[in-house]
$ cat protein.tsv   # TSV, C-alpha atoms
chain	number	residue	atom	x	y	z
A	1	ALA	CA	50.22	15.57	-68.04
A	2	SER	CA	50.51	16.04	-64.32
A	3	MET	CA	48.57	19.32	-64.60
A	4	ARG	CA	45.73	17.50	-66.41
A	5	ARG	CA	45.60	14.89	-63.60
A	6	ILE	CA	44.99	17.56	-60.91
A	7	PRO	CA	41.33	18.34	-61.87
A	8	ARG	CA	40.60	14.62	-62.09
A	9	LEU	CA	42.19	14.07	-58.64
A	10	LEU	CA	40.18	16.95	-57.20
A	11	ALA	CA	37.00	15.47	-58.59
A	12	VAL	CA	37.74	12.10	-56.98
A	13	CYS	CA	38.47	13.77	-53.64
A	14	LEU	CA	35.24	15.78	-53.84
A	15	CYS	CA	33.28	12.59	-54.53
A	16	ILE	CA	34.88	10.85	-51.53
A	17	ALA	CA	34.22	13.87	-49.30
A	18	SER	CA	30.64	14.10	-50.52
A	19	GLY	CA	30.06	10.43	-49.77
A	20	ALA	CA	31.56	10.78	-46.29
A	21	LEU	CA	29.38	13.80	-45.52
A	22	SER	CA	26.30	11.97	-46.81
A	23	ALA	CA	27.08	8.95	-44.64
A	24	ALA	CA	27.68	11.17	-41.65
A	25	ALA	CA	24.37	12.93	-42.26
A	26	HIS	CA	22.54	9.63	-42.47
A	27	ALA	CA	24.25	8.42	-39.30
A	28	SER	CA	23.38	11.66	-37.54
A	29	ALA	CA	19.75	11.39	-38.60
A	30	ALA	CA	19.58	7.78	-37.48
A	31	THR	CA	21.23	8.34	-34.09
A	32	PRO	CA	18.19	9.85	-32.31
A	33	HIS	CA	16.03	6.96	-33.53
A	34	LEU	CA	18.53	4.40	-32.24
A	35	ASN	CA	18.85	6.16	-28.89
A	36	LYS	CA	15.11	6.43	-28.57
A	37	SER	CA	14.66	2.73	-29.11
A	38	LYS	CA	17.16	2.05	-26.33
A	39	ASN	CA	15.46	4.36	-23.84
A	40	LYS	CA	13.39	2.29	-21.42
A	41	GLN	CA	10.23	3.76	-19.94
A	42	GLU	CA	10.94	5.29	-16.55
A	43	THR	CA	9.19	3.45	-13.72
A	44	GLY	CA	8.29	4.27	-10.12
A	45	PHE	CA	6.32	7.38	-9.12
A	46	LEU	CA	5.92	9.69	-12.12
A	47	ASN	CA	4.54	13.23	-12.41
A	48	ARG	CA	1.50	13.64	-14.61
A	49	THR	CA	-1.05	16.34	-15.48
A	50	VAL	CA	-4.64	15.99	-16.64
A	51	LYS	CA	-6.68	18.86	-18.08
A	52	LEU	CA	-10.41	19.02	-17.58
A	53	ARG	CA	-12.70	21.91	-18.53
A	54	GLY	CA	-9.70	24.19	-18.93
A	55	ILE	CA	-8.22	23.37	-15.52
A	56	SER	CA	-4.93	21.46	-15.15
A	57	TYR	CA	-4.56	19.03	-12.26
A	58	ARG	CA	-1.24	17.56	-11.17
A	59	PHE	CA	-1.19	13.94	-10.05
A	60	GLN	CA	1.06	10.89	-9.81
A	61	VAL	CA	1.12	7.54	-11.53
A	62	TYR	CA	3.11	4.55	-10.34
A	63	LEU	CA	4.60	2.09	-12.81
A	64	THR	CA	5.82	-1.21	-11.47
A	65	GLU	CA	9.49	-1.86	-12.25
A	66	GLU	CA	8.46	-4.90	-14.32
A	67	TRP	CA	6.51	-2.74	-16.73
A	68	PRO	CA	8.43	-3.35	-19.99
A	69	GLY	CA	7.18	-0.52	-22.18
A	70	ASP	CA	8.12	-2.40	-25.36
A	71	ASP	CA	5.19	-4.76	-25.80
A	72	ARG	CA	1.41	-4.57	-25.77
A	73	ARG	CA	0.80	-6.59	-22.63
A	74	GLU	CA	-2.13	-5.15	-20.70
A	75	TRP	CA	-1.40	-4.40	-17.06
A	76	PRO	CA	-3.80	-4.25	-14.11
A	77	ILE	CA	-4.49	-0.71	-12.94
A	78	ILE	CA	-5.70	0.79	-9.64
A	79	LEU	CA	-7.32	4.16	-9.01
A	80	PHE	CA	-6.36	5.32	-5.50
A	81	LEU	CA	-8.18	8.14	-3.67
A	82	HIS	CA	-6.36	9.72	-0.72
A	83	GLY	CA	-7.73	11.19	2.50
A	84	ARG	CA	-8.69	14.68	3.66
A	85	GLY	CA	-5.22	15.67	4.84
A	86	GLU	CA	-3.57	15.09	1.46
A	87	ARG	CA	-5.68	17.52	-0.55
A	88	GLY	CA	-3.85	20.22	-2.51
A	89	ALA	CA	-2.61	21.27	-5.93
A	90	GLU	CA	1.08	20.29	-5.94
A	91	GLY	CA	0.28	16.72	-7.01
A	92	MET	CA	2.51	15.02	-4.43
A	93	TRP	CA	0.99	14.81	-0.92
A	94	GLN	CA	-1.28	11.91	-1.84
A	95	THR	CA	1.76	9.62	-2.20
A	96	GLN	CA	2.66	9.84	1.51
A	97	ILE	CA	0.22	7.40	3.16
A	98	GLY	CA	-1.99	4.46	2.39
A	99	LEU	CA	-1.44	2.45	-0.77
A	100	PRO	CA	1.59	4.48	-2.01
A	101	GLU	CA	3.32	3.88	1.33
A	102	ALA	CA	2.58	0.14	1.11
A	103	VAL	CA	3.98	0.08	-2.42
A	104	ARG	CA	7.22	1.67	-1.24
A	105	ASP	CA	7.52	-0.91	1.53
A	106	HIS	CA	6.71	-3.90	-0.67
A	107	PRO	CA	6.81	-3.12	-4.40
A	108	GLU	CA	6.97	-6.84	-5.16
A	109	ARG	CA	3.41	-7.24	-3.85
A	110	TRP	CA	1.92	-4.63	-6.17
A	111	PRO	CA	2.41	-5.47	-9.88
A	112	PHE	CA	0.04	-2.71	-10.93
A	113	ILE	CA	-0.17	0.65	-12.60
A	114	ILE	CA	-1.51	2.94	-9.84
A	115	VAL	CA	-3.18	6.25	-10.62
A	116	MET	CA	-3.12	8.75	-7.73
A	117	PRO	CA	-5.06	11.94	-8.46
A	118	GLN	CA	-5.20	14.75	-5.90
A	119	CYS	CA	-8.39	16.37	-4.66
A	120	SER	CA	-8.35	20.17	-4.56
A	121	GLN	CA	-8.05	21.76	-1.13
A	122	ILE	CA	-11.54	23.28	-1.13
A	123	ASN	CA	-13.26	20.18	-2.54
A	124	TYR	CA	-14.28	16.66	-1.53
A	125	TRP	CA	-13.95	13.50	-3.58
A	126	THR	CA	-17.74	13.24	-3.72
A	127	ASP	CA	-17.97	16.57	-5.60
A	128	PRO	CA	-18.85	15.81	-9.27
A	129	PRO	CA	-15.88	17.83	-10.66
A	130	MET	CA	-13.44	15.83	-8.51
A	131	MET	CA	-15.02	12.54	-9.50
A	132	ALA	CA	-14.77	13.57	-13.16
A	133	MET	CA	-11.11	14.56	-12.70
A	134	ALA	CA	-10.26	11.23	-11.06
A	135	MET	CA	-11.91	9.30	-13.90
A	136	ALA	CA	-10.17	11.45	-16.51
A	137	ALA	CA	-6.79	10.73	-14.90
A	138	LEU	CA	-7.60	7.01	-14.89
A	139	GLU	CA	-8.64	7.03	-18.54
A	140	GLN	CA	-5.55	9.01	-19.55
A	141	GLU	CA	-3.14	6.60	-17.87
A	142	THR	CA	-5.08	3.55	-19.02
A	143	SER	CA	-4.50	4.74	-22.59
A	144	GLU	CA	-0.89	5.85	-22.08
A	145	PHE	CA	0.28	2.61	-20.49
A	146	HIS	CA	-2.21	0.24	-22.21
A	147	ALA	CA	-3.77	-0.96	-18.96
A	148	ASP	CA	-6.24	-3.84	-18.86
A	149	PRO	CA	-9.83	-2.52	-18.80
A	150	ASN	CA	-10.97	-5.86	-17.36
A	151	ARG	CA	-8.57	-5.54	-14.42
A	152	THR	CA	-9.30	-2.02	-13.26
A	153	TYR	CA	-9.57	-1.64	-9.49
A	154	LEU	CA	-10.72	1.11	-7.13
A	155	THR	CA	-9.56	1.90	-3.62
A	156	GLY	CA	-9.72	4.80	-1.19
A	157	LEU	CA	-9.19	5.71	2.46
A	158	SER	CA	-11.18	8.01	4.74
A	159	LEU	CA	-12.32	10.94	2.55
A	160	GLY	CA	-11.15	8.87	-0.41
A	161	GLY	CA	-13.32	6.04	0.92
A	162	TYR	CA	-16.34	8.33	0.56
A	163	GLY	CA	-15.26	9.01	-3.02
A	164	ALA	CA	-14.66	5.33	-3.74
A	165	TRP	CA	-18.21	4.48	-2.67
A	166	GLU	CA	-19.54	7.17	-5.04
A	167	LEU	CA	-17.45	5.99	-7.98
A	168	ALA	CA	-18.44	2.38	-7.29
A	169	ARG	CA	-22.10	3.34	-7.31
A	170	THR	CA	-21.79	5.61	-10.36
A	171	TYR	CA	-19.66	3.26	-12.50
A	172	PRO	CA	-20.35	-0.24	-11.10
A	173	LYS	CA	-19.35	-1.99	-14.36
A	174	ARG	CA	-16.02	-0.18	-14.57
A	175	TRP	CA	-14.38	-1.95	-11.63
A	176	ALA	CA	-13.25	-5.53	-11.23
A	177	ALA	CA	-13.07	-5.10	-7.43
A	178	VAL	CA	-13.09	-2.35	-4.79
A	179	ALA	CA	-11.23	-1.99	-1.46
A	180	ILE	CA	-12.18	0.76	1.02
A	181	ALA	CA	-10.57	1.63	4.37
A	182	ALA	CA	-12.28	3.85	6.97
A	183	GLY	CA	-14.90	5.05	4.48
A	184	GLY	CA	-18.65	5.16	4.19
A	185	ILE	CA	-21.63	6.75	2.47
A	186	PHE	CA	-22.64	9.09	5.31
A	187	TRP	CA	-20.26	11.97	4.75
A	188	SER	CA	-19.04	13.91	7.79
A	189	TYR	CA	-19.63	17.16	5.86
A	190	ALA	CA	-23.21	16.16	5.02
A	191	PRO	CA	-24.67	14.90	8.33
A	192	GLU	CA	-28.21	15.13	6.96
A	193	ARG	CA	-27.52	11.97	4.95
A	194	TRP	CA	-27.92	9.97	8.17
A	195	LYS	CA	-31.64	10.68	7.91
A	196	GLN	CA	-31.63	8.21	5.00
A	197	SER	CA	-29.83	5.46	6.93
A	198	ALA	CA	-32.82	3.12	6.53
A	199	THR	CA	-32.85	3.35	2.71
A	200	LEU	CA	-29.53	4.72	1.36
A	201	PRO	CA	-27.37	1.60	1.93
A	202	ALA	CA	-29.87	-0.56	0.07
A	203	GLU	CA	-29.85	1.89	-2.83
A	204	TYR	CA	-26.05	1.62	-3.12
A	205	ALA	CA	-26.23	-2.17	-2.82
A	206	ARG	CA	-28.72	-2.44	-5.68
A	207	ARG	CA	-26.55	-0.29	-7.94
A	208	MET	CA	-23.40	-2.31	-7.26
A	209	GLY	CA	-24.91	-5.79	-7.45
A	210	LYS	CA	-22.21	-8.45	-7.03
A	211	LEU	CA	-19.23	-6.13	-7.49
A	212	PRO	CA	-16.56	-7.60	-5.13
A	213	ILE	CA	-15.93	-5.20	-2.24
A	214	TRP	CA	-13.54	-5.53	0.71
A	215	LEU	CA	-14.06	-3.09	3.60
A	216	PHE	CA	-11.57	-2.35	6.38
A	217	HIS	CA	-12.42	-0.35	9.49
A	218	GLY	CA	-10.93	0.37	12.89
A	219	GLY	CA	-13.20	-0.88	15.65
A	220	ASP	CA	-12.56	2.28	17.70
A	221	ASP	CA	-12.64	4.77	14.80
A	222	PRO	CA	-13.88	8.12	16.21
A	223	ILE	CA	-13.79	9.94	12.85
A	224	VAL	CA	-15.74	7.65	10.52
A	225	SER	CA	-17.89	5.36	12.63
A	226	PRO	CA	-17.47	1.63	11.94
A	227	ARG	CA	-21.28	1.59	11.77
A	228	GLU	CA	-20.87	3.02	8.26
A	229	SER	CA	-19.15	-0.16	7.08
A	230	GLU	CA	-21.50	-2.33	9.12
A	231	LEU	CA	-24.56	-0.81	7.42
A	232	MET	CA	-23.08	-1.30	3.97
A	233	PHE	CA	-22.06	-4.87	4.79
A	234	ALA	CA	-25.62	-5.67	5.90
A	235	ALA	CA	-27.16	-4.05	2.81
A	236	LEU	CA	-24.85	-5.79	0.34
A	237	LYS	CA	-25.29	-9.14	2.06
A	238	ALA	CA	-29.09	-8.76	1.99
A	239	ASN	CA	-28.90	-7.93	-1.72
A	240	GLY	CA	-26.82	-11.01	-2.54
A	241	GLY	CA	-23.63	-9.01	-3.05
A	242	HIS	CA	-19.99	-10.05	-2.81
A	243	ILE	CA	-18.76	-8.36	0.36
A	244	ARG	CA	-15.99	-8.74	2.96
A	245	LEU	CA	-15.73	-6.66	6.14
A	246	TRP	CA	-12.71	-6.73	8.41
A	247	ILE	CA	-12.95	-4.81	11.68
A	248	TYR	CA	-9.57	-4.25	13.30
A	249	GLN	CA	-10.15	-4.39	17.04
A	250	GLY	CA	-8.39	-1.64	18.97
A	251	LEU	CA	-7.56	0.49	15.92
A	252	LYS	CA	-8.85	4.03	15.58
A	253	HIS	CA	-9.19	5.94	12.31
A	254	ASP	CA	-6.02	4.72	10.65
A	255	SER	CA	-7.07	1.27	9.51
A	256	TRP	CA	-5.48	1.79	6.09
A	257	SER	CA	-1.88	1.16	7.21
A	258	ARG	CA	-2.88	-2.30	8.36
A	259	ALA	CA	-5.22	-2.87	5.40
A	260	TYR	CA	-2.74	-2.04	2.65
A	261	SER	CA	-0.05	-4.12	4.39
A	262	GLU	CA	-2.24	-7.23	4.17
A	263	PRO	CA	-0.39	-9.52	1.72
A	264	ASP	CA	-3.71	-11.01	0.60
A	265	LEU	CA	-5.15	-7.69	-0.57
A	266	PRO	CA	-3.30	-7.36	-3.91
A	267	ARG	CA	-3.78	-11.07	-4.55
A	268	TRP	CA	-7.50	-10.73	-3.84
A	269	LEU	CA	-7.79	-7.84	-6.29
A	270	LEU	CA	-6.10	-9.81	-9.05
A	271	GLU	CA	-8.52	-12.70	-8.57
A	272	HIS	CA	-11.29	-10.55	-10.05
A	273	ARG	CA	-12.04	-9.34	-13.57
A	274	THR	CA	-14.95	-7.50	-15.08
A	275	GLY	CA	-17.22	-9.55	-17.30
A	276	VAL	CA	-16.92	-12.58	-15.02
A	277	ALA	CA	-19.96	-13.53	-12.95
A	278	ASN	CA	-19.35	-13.20	-9.21
A	279	THR	CA	-21.18	-15.33	-6.68
A	280	ALA	CA	-22.96	-14.05	-3.60
A	281	TYR	CA	-20.51	-13.96	-0.72
A	282	ALA	CA	-20.45	-12.35	2.74
A	283	GLU	CA	-17.58	-12.44	5.23
A	284	ARG	CA	-17.44	-10.42	8.43
A	285	ALA	CA	-14.34	-10.81	10.59
A	286	PHE	CA	-13.04	-9.18	13.76
A	287	VAL	CA	-9.26	-9.04	13.55
A	288	PRO	CA	-7.50	-8.67	16.92
A	289	LEU	CA	-4.78	-6.06	17.19
A	290	HIS	CA	-2.56	-8.56	19.00
A	291	PRO	CA	-2.66	-12.33	19.46
A	292	PRO	CA	-3.57	-13.84	22.84
A	293	ALA	CA	-0.58	-13.79	25.20
A	294	LEU	CA	0.92	-17.14	26.19
A	295	ARG	CA	1.96	-17.47	29.82
A	296	LEU	CA	5.63	-18.45	30.06
A	297	SER	CA	7.17	-20.25	33.00
A	298	ALA	CA	9.76	-18.58	35.22
A	299	GLN	CA	12.40	-20.79	33.63
A	300	GLN	CA	11.40	-19.69	30.13
A	301	LEU	CA	11.41	-16.02	31.17
A	302	ASP	CA	14.86	-16.36	32.76
A	303	ALA	CA	16.18	-18.04	29.61
A	304	LEU	CA	15.14	-15.04	27.50
A	305	ALA	CA	16.62	-12.44	29.84
A	306	GLY	CA	19.99	-11.10	28.78
A	307	GLN	CA	21.81	-8.66	26.53
A	308	TYR	CA	21.83	-8.69	22.75
A	309	ARG	CA	24.12	-6.94	20.26
A	310	ASP	CA	23.74	-6.01	16.62
A	311	ILE	CA	25.95	-7.01	13.70
A	312	HIS	CA	28.44	-4.28	14.61
A	313	GLY	CA	28.79	-5.48	18.19
A	314	LEU	CA	26.76	-2.61	19.67
A	315	LEU	CA	24.64	-3.46	22.71
A	316	THR	CA	21.19	-2.90	21.23
A	317	LEU	CA	18.71	-4.68	23.47
A	318	THR	CA	18.47	-5.76	27.08
A	319	VAL	CA	15.68	-8.17	27.96
A	320	PHE	CA	14.76	-8.44	31.63
A	321	ARG	CA	12.13	-10.02	33.79
A	322	GLN	CA	10.04	-8.28	36.43
A	323	GLY	CA	7.85	-10.79	38.21
A	324	ASP	CA	5.89	-12.65	35.56
A	325	GLN	CA	6.37	-9.89	32.98
A	326	LEU	CA	9.07	-9.56	30.37
A	327	TYR	CA	10.44	-6.22	29.18
A	328	GLN	CA	13.01	-4.89	26.77
A	329	LYS	CA	15.22	-1.82	27.05
A	330	ASP	CA	16.70	-0.47	23.81
A	331	LEU	CA	19.98	1.38	23.34
A	332	HIS	CA	18.23	4.71	24.00
A	333	GLY	CA	16.90	3.54	27.34
A	334	SER	CA	13.27	3.19	26.25
A	335	ILE	CA	11.42	0.32	27.91
A	336	ALA	CA	8.62	-1.70	26.33
A	337	GLU	CA	6.64	-4.69	27.58
A	338	LEU	CA	7.00	-7.99	25.77
A	339	ALA	CA	4.49	-10.84	25.59
A	340	ALA	CA	4.74	-14.32	24.11
A	341	GLU	CA	2.74	-15.41	21.09
A	342	SER	CA	4.55	-18.74	21.38
A	343	PRO	CA	7.73	-19.88	23.17
A	344	ASN	CA	9.70	-18.64	20.16
A	345	ILE	CA	7.78	-15.51	19.17
A	346	LEU	CA	7.47	-12.33	21.26
A	347	PHE	CA	5.27	-9.32	20.45
A	348	TYR	CA	4.59	-5.84	21.82
A	349	PRO	CA	1.17	-5.79	23.54
A	350	HIS	CA	1.23	-1.99	23.78
A	351	GLY	CA	3.00	-1.28	20.51
A	352	SER	CA	3.11	-2.29	16.87
A	353	SER	CA	0.79	-5.09	15.82
A	354	ILE	CA	3.26	-6.18	13.15
A	355	SER	CA	6.65	-6.21	14.92
A	356	ARG	CA	7.94	-9.46	16.41
A	357	LEU	CA	11.03	-10.79	18.19
A	358	LEU	CA	11.80	-14.28	16.91
A	359	VAL	CA	13.84	-16.51	19.23
A	360	GLU	CA	16.79	-18.30	17.66
A	361	ARG	CA	18.07	-21.44	19.39
A	362	ASP	CA	20.96	-23.80	18.81
A	363	ASN	CA	20.70	-27.59	18.60
A	364	GLN	CA	20.91	-27.78	22.39
A	365	ASP	CA	17.90	-25.46	22.75
A	366	ARG	CA	20.01	-22.58	24.07
A	367	ILE	CA	18.96	-19.08	22.99
A	368	THR	CA	21.59	-17.64	20.65
A	369	ALA	CA	19.85	-14.58	19.25
A	370	LEU	CA	16.67	-12.57	18.92
A	371	ILE	CA	15.61	-11.58	15.42
A	372	TYR	CA	13.65	-8.34	15.16
A	373	HIS	CA	11.08	-8.80	12.40
A	374	ASP	CA	8.45	-6.45	11.01
A	375	ASP	CA	6.76	-5.96	7.66
A	376	ARG	CA	9.88	-4.47	6.11
A	377	ARG	CA	13.03	-5.97	7.58
A	378	GLU	CA	14.78	-8.48	9.80
A	379	GLU	CA	17.70	-7.74	12.11
A	380	ARG	CA	19.57	-10.39	14.03
A	381	LEU	CA	20.59	-9.47	17.60
A	382	GLU	CA	23.14	-11.91	18.97
A	383	ARG	CA	23.07	-12.86	22.63
A	384	ILE	CA	26.26	-11.70	24.36
A	385	HIS	CA	25.87	-13.44	27.71
A	386	SER	CA	23.49	-15.85	29.34
A	387	SER	CA	23.29	-14.53	32.88
A	388	VAL	CA	19.79	-14.16	34.27
A	389	ARG	CA	18.76	-10.63	35.21
A	390	THR	CA	15.64	-10.28	37.34
A	391	TYR	CA	14.43	-6.75	38.12
A	392	THR	CA	12.22	-5.95	41.07
A	393	GLN	CA	9.74	-3.15	41.57
A	394	GLN	CA	12.26	-1.31	43.80
A	395	GLN	CA	14.84	-1.28	41.01
$ encode --input "protein.tsv" --output "structure tokens"
Amino acid sequence: ASMRRIPRLLAVCLCIASGALSAAAHASAATPHLNKSKNKQETGFLNRTVKLRGISYRFQVYLTEEWPGDDRREWPIILFLHGRGERGAEGMWQTQIGLPEAVRDHPERWPFIIVMPQCSQINYWTDPPMMAMAMAALEQETSEFHADPNRTYLTGLSLGGYGAWELARTYPKRWAAVAIAAGGIFWSYAPERWKQSATLPAEYARRMGKLPIWLFHGGDDPIVSPRESELMFAALKANGGHIRLWIYQGLKHDSWSRAYSEPDLPRWLLEHRTGVANTAYAERAFVPLHPPALRLSAQQLDALAGQYRDIHGLLTLTVFRQGDQLYQKDLHGSIAELAAESPNILFYPHGSSISRLLVERDNQDRITALIYHDDRREERLERIHSSVRTYTQQQ
């Protein structure tokens, strides 16, 4: 009897084993699907390639960290064109300056998908093949990341500003708004275009209509004359366009660092959509590099003079007075002049237009610290003594 039970027992065991293997197979087959659903789309700066007429071009796309990847929400998208020095084929150099740099400094300001193609070394952005490549990259990423076609923006700097003008003229209905820094329509490599200075700006203006455009230019730009932006401003204004022009006084060619750090720029872009009628608008502003200096009294200057240490107790800054002027000496011994924007805000009249020293006071109006503040960070420097230090010319 026991011998007859053995085949039956073997059959039961085989059935159990078969079921276990089947379950394991199903689990194994399902595992990749489950893992895939848990994988979130990578964000930040991503490598991409676009192929056009048999040629592959490397470029970058930026995805804001808030991009979810698991819904069909349409995101605003920007096409960014870099300058002459970032041309190449490696697909990376264009992320070093301009808008990509601003995004690294303040990602919270830029809730966009940003497409950053790279112009070939021997080409210019105004060459038709490069314009076609840039548009192909934009279309590819618009499809891949379901960007909003009604919130598609265009921007460029220097050589990329030339290209942005061409793309704005060629595809005026494609863009919700355009921002250009240190650009123009009179290309440095095609000086004969200046012969058309009386007619060419008006031609561009007619093509673009009321497309919102914000121009930035350094008032002392020796590379791309600010007259380029002035001519386009005048033409667009005369044609009833929607145009802003900011001239940064004292800046040379690099107006883009200041332009892309303007907190209002991304907000201004997002105010505009295609398919919405824009009104005629013209704004021309001269933006000073530094505010007017406030004259402080001798008592106020003496109150600021002293030594300041960082959070680790290291002597970081010495502020001293020389006549009616205030100076700082850092821990490396470098000296820089300070000026007052107000009794509680100091700036660098011969340095950064963004950096400030904010004066911290206690409830008895005694200075307790200086806070170094720029576009990226704040650092508190505590006052370590209150003795007045006045330096003379002989010292």
$ closest_atom_pairs --input "protein.tsv" --of "range 187-243 of chain A" --to "range 125-132 of chain A" --cutoff "12 Å" --atoms "all atoms listed in the file" --output "Markdown table"
| residue | atom | partner | partner_atom | distance |
| --- | --- | --- | --- | --- |
| A:Trp187 | CA | A:Thr126 | CA | 8.9 |
| A:Ser188 | CA | A:Thr126 | CA | 11.6 |
| A:Tyr189 | CA | A:Thr126 | CA | 10.5 |
| A:Ala190 | CA | A:Thr126 | CA | 10.7 |
$ closest_residue --input "protein.tsv" --among "A:Phe59, A:Gly241, A:Glu101, A:Ala147" --to "Ala134 in chain A" --atoms "only C-alpha atoms"
A:Phe59
$ atom_distance --input "protein.tsv" --atom1 "CA of Glu283 in chain A" --atom2 "CA of Ile243 in chain A"
6.5 Å
$ atom_distance --input "protein.tsv" --atom1 "CA of Gly85 in chain A" --atom2 "CA of Cys119 in chain A"
10.0 Å
$ atom_distance --input "protein.tsv" --atom1 "CA of Met232 in chain A" --atom2 "CA of Ile213 in chain A"
10.2 Å
$ closest_residue --input "protein.tsv" --among "A:Ile185, A:Leu294, A:Val50, A:Leu331" --to "Arg227 in chain A" --atoms "only C-alpha atoms"
A:Ile185
$ residues_around --input "protein.tsv" --residues "range 267-280 of chain A" --least-positions-apart "2" --cutoff "12 Å" --atoms "all atoms listed in the file" --output "MDAnalysis selection string"
chainID A and resid 75:78 108:112 148:155 172:179 208:214 236:244 260:265 282:283
$ residues_around --input "protein.tsv" --residues "Glu337 in chain A" --least-positions-apart "2" --cutoff "10 Å" --atoms "all atoms listed in the file" --output "mmCIF file with C-alpha atoms, keeping the file's coordinate frame"
data_model
loop_
_atom_site.group_PDB
_atom_site.id
_atom_site.type_symbol
_atom_site.label_atom_id
_atom_site.label_comp_id
_atom_site.auth_asym_id
_atom_site.auth_seq_id
_atom_site.Cartn_x
_atom_site.Cartn_y
_atom_site.Cartn_z
ATOM 1 C CA VAL A 319 15.680 -8.170 27.960
ATOM 2 C CA PHE A 320 14.760 -8.440 31.630
ATOM 3 C CA ARG A 321 12.130 -10.020 33.790
ATOM 4 C CA GLN A 325 6.370 -9.890 32.980
ATOM 5 C CA LEU A 326 9.070 -9.560 30.370
ATOM 6 C CA TYR A 327 10.440 -6.220 29.180
ATOM 7 C CA GLN A 328 13.010 -4.890 26.770
ATOM 8 C CA LYS A 329 15.220 -1.820 27.050
ATOM 9 C CA ILE A 335 11.420 0.320 27.910
ATOM 10 C CA ALA A 339 4.490 -10.840 25.590
ATOM 11 C CA LEU A 346 7.470 -12.330 21.260
ATOM 12 C CA PHE A 347 5.270 -9.320 20.450
ATOM 13 C CA TYR A 348 4.590 -5.840 21.820
ATOM 14 C CA PRO A 349 1.170 -5.790 23.540
ATOM 15 C CA HIS A 350 1.230 -1.990 23.780
ATOM 16 C CA GLY A 351 3.000 -1.280 20.510
#
$ closest_residue --input "protein.tsv" --among "A:Phe145, A:Arg104, A:Ile55, A:Glu341" --to "Arg73 in chain A" --atoms "only C-alpha atoms"
A:Phe145
$ residues_near_point --input "protein.tsv" --point "(-6.7, -4.2, 16.4)" --cutoff "9 Å" --atoms "all atoms listed in the file" --output "MDAnalysis selection string"
chainID A and resid 218:220 247:252 255 286:290 353
$ residues_around --input "protein.tsv" --residues "Trp256 in chain A" --least-positions-apart "5" --cutoff "9 Å" --atoms "only C-alpha atoms" --output "PyMOL selection string"
chain A and resi 97-99+156-158+180-182+216-218+261
$ residues_near_point --input "protein.tsv" --point "(1.7, 14.0, -13.8)" --cutoff "8 Å" --atoms "all atoms listed in the file" --output "list in words"
Leu46, Asn47, Arg48, Thr49, Val50, Arg58, Phe59, Gln60, Val61 and Gly91 of chain A
$ closest_residue --input "protein.tsv" --among "A:Leu245, A:Leu159, A:Ala198, A:Ala285" --to "Val224 in chain A" --atoms "all atoms listed in the file"
A:Leu159
$ residues_around --input "protein.tsv" --residues "Ser120 in chain A" --least-positions-apart "5" --cutoff "7 Å" --atoms "all atoms listed in the file" --output "list in words"
Arg87, Gly88 and Ala89 of chain A
$ write_last_selection --input "protein.tsv" --atoms "C-alpha atoms" --output "short mmCIF file (atom, residue, chain, number, x, y, z; two decimals), keeping the file's coordinate frame"
data_model
loop_
_atom_site.label_atom_id
_atom_site.label_comp_id
_atom_site.auth_asym_id
_atom_site.auth_seq_id
_atom_site.Cartn_x
_atom_site.Cartn_y
_atom_site.Cartn_z
CA ARG A 87 -5.68 17.52 -0.55
CA GLY A 88 -3.85 20.22 -2.51
CA ALA A 89 -2.61 21.27 -5.93
#
$ closest_residue --input "protein.tsv" --among "A:Arg366, A:His373, A:His146, A:His82" --to "Pro117 in chain A" --atoms "all atoms listed in the file"
A:His82
